[in-house]
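Contents: one structure, followed by commentary.
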Amino acid sequence: CEELSRATALLVRGRGGDGDDDEKEEEEGDDGDEVLLRLACEYAAWCVTDNPGHRRAFGEREGVHSAVVGLVRSGSPPTSAAASHLIYIAAFANEKNHQSFIREGAVRALADVILRSETDDPPPLAVQLMWASAALQNLEASYCDTPDDGRCYWDWRAGDRRYDGGGHVLELEESS
């Protein structure tokens, strides 16, 4: 993941290239930029998966959270899906990313994707709906303060109807 910094810079810049090559921009147009942004999302998602250090580095790029939320709203279902996937995994067990995505409007953007209709133009893709739903769930999740990973390690004790997660106890009530 040596290029994570370049990928986040590309996301913040919002388009491919360096901005100085007008001829290249005319040749590629928005489609080329869209593909680069989608690939930057996919690369960043791959880098931050199960890597708290990379999740931290991702969140240090000024403007990255706003840029990714903007891609969720992009109007391109494949790009929206890739950005939703990135929110899903970058928000996992990282308070800065978690709170920054919420502050930048990710909850509304993801909900808007989920509420799209098959008759909308363009219609949502199944993968777009899946990642938007997963990202929304991760933004609603709480994480334990465990070293390095934020995961809650629960022990099930069937006899006393409770989960014990090292100081975090979940009591289960009998259902009627």
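As shown in the structure tokens, the chain order sets the letters A, B, ...; within each chain, residues go from 1, and ligands are also counted from 1 in the order they appear.
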Next on the checklist: Show me, as a VMD selection string, the residues that have an atom within 12 Å of range 100-112 of chain A when counting only C-alpha atoms, minus same-chain residues fewer than 3 positions from it.
Outcome noted: chain A and resid 58 to 75 80 to 81 83 to 92 94 to 97 115 to 117 120 124 128 to 140
Would you pick out the contacts of range 38-41 of chain A at 7 Å or less, using only C-alpha atoms, so that residues sharing its chain but fewer than 4 positions from it are not included, and give the list as an mmCIF file with all heavy atoms, in the first residue's frame?
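result-v8.cif was written with the following content:
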data_model
loop_
_atom_site.group_PDB
_atom_site.id
_atom_site.type_symbol
_atom_site.label_atom_id
_atom_site.label_comp_id
_atom_site.auth_asym_id
_atom_site.auth_seq_id
_atom_site.Cartn_x
_atom_site.Cartn_y
_atom_site.Cartn_z
ATOM 1 N N ALA A 7 -3.417 7.763 -3.687
ATOM 2 C CA ALA A 7 -4.843 7.464 -3.903
ATOM 3 C C ALA A 7 -5.715 8.467 -3.165
ATOM 4 O O ALA A 7 -6.690 8.982 -3.722
ATOM 5 C CB ALA A 7 -5.163 6.036 -3.460
ATOM 6 N N LEU A 11 -8.370 11.278 -4.685
ATOM 7 C CA LEU A 11 -9.761 11.404 -4.241
ATOM 8 C C LEU A 11 -10.083 12.847 -3.857
ATOM 9 O O LEU A 11 -11.141 13.363 -4.219
ATOM 10 C CB LEU A 11 -10.031 10.473 -3.063
ATOM 11 C CG LEU A 11 -10.011 8.982 -3.390
ATOM 12 C CD1 LEU A 11 -10.031 8.160 -2.112
ATOM 13 C CD2 LEU A 11 -11.161 8.617 -4.302
ATOM 14 N N GLU A 34 -13.623 9.294 -13.839
ATOM 15 C CA GLU A 34 -14.482 8.446 -13.003
ATOM 16 C C GLU A 34 -13.820 7.097 -12.733
ATOM 17 O O GLU A 34 -13.843 6.603 -11.611
ATOM 18 C CB GLU A 34 -15.832 8.233 -13.676
ATOM 19 C CG GLU A 34 -16.764 7.373 -12.872
ATOM 20 C CD GLU A 34 -18.033 7.029 -13.627
ATOM 21 O OE1 GLU A 34 -18.571 7.906 -14.302
ATOM 22 O OE2 GLU A 34 -18.449 5.872 -13.526
ATOM 23 N N ALA A 45 -9.627 1.115 -0.154
ATOM 24 C CA ALA A 45 -10.390 0.122 0.622
ATOM 25 C C ALA A 45 -9.537 -1.119 0.866
ATOM 26 O O ALA A 45 -9.526 -1.679 1.966
ATOM 27 C CB ALA A 45 -11.691 -0.235 -0.088
ATOM 28 N N THR A 79 -19.174 3.984 -9.219
ATOM 29 C CA THR A 79 -18.337 4.841 -8.385
ATOM 30 C C THR A 79 -18.943 4.982 -6.995
ATOM 31 O O THR A 79 -18.240 4.924 -5.989
ATOM 32 C CB THR A 79 -18.156 6.214 -9.050
ATOM 33 O OG1 THR A 79 -17.549 6.015 -10.330
ATOM 34 C CG2 THR A 79 -17.286 7.135 -8.213
ATOM 35 N N ALA A 82 -18.136 1.847 -5.033
ATOM 36 C CA ALA A 82 -16.744 1.801 -4.567
ATOM 37 C C ALA A 82 -16.533 2.752 -3.397
ATOM 38 O O ALA A 82 -15.844 2.415 -2.427
ATOM 39 C CB ALA A 82 -15.792 2.138 -5.719
ATOM 40 N N ALA A 83 -17.131 3.938 -3.458
ATOM 41 C CA ALA A 83 -17.001 4.901 -2.364
ATOM 42 C C ALA A 83 -17.715 4.398 -1.109
ATOM 43 O O ALA A 83 -17.217 4.568 0.010
ATOM 44 C CB ALA A 83 -17.561 6.257 -2.799
ATOM 45 N N LEU A 86 -15.558 1.923 0.568
ATOM 46 C CA LEU A 86 -14.466 2.591 1.275
ATOM 47 C C LEU A 86 -14.954 3.163 2.609
ATOM 48 O O LEU A 86 -14.263 3.042 3.631
ATOM 49 C CB LEU A 86 -13.859 3.684 0.394
ATOM 50 C CG LEU A 86 -12.708 4.478 0.981
ATOM 51 C CD1 LEU A 86 -11.599 3.588 1.540
ATOM 52 C CD2 LEU A 86 -12.165 5.432 -0.076
#
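Across the model, the gap from CA of Glu42 in chain A to CA of Leu125 in chain A is 16.5 Å.
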Checklist entry - Between A:Gly32, A:Cys47, A:Ile114, A:Pro77, which is the closest to Thr8 in chain A once you count only C-alpha atoms? => result A:Cys47
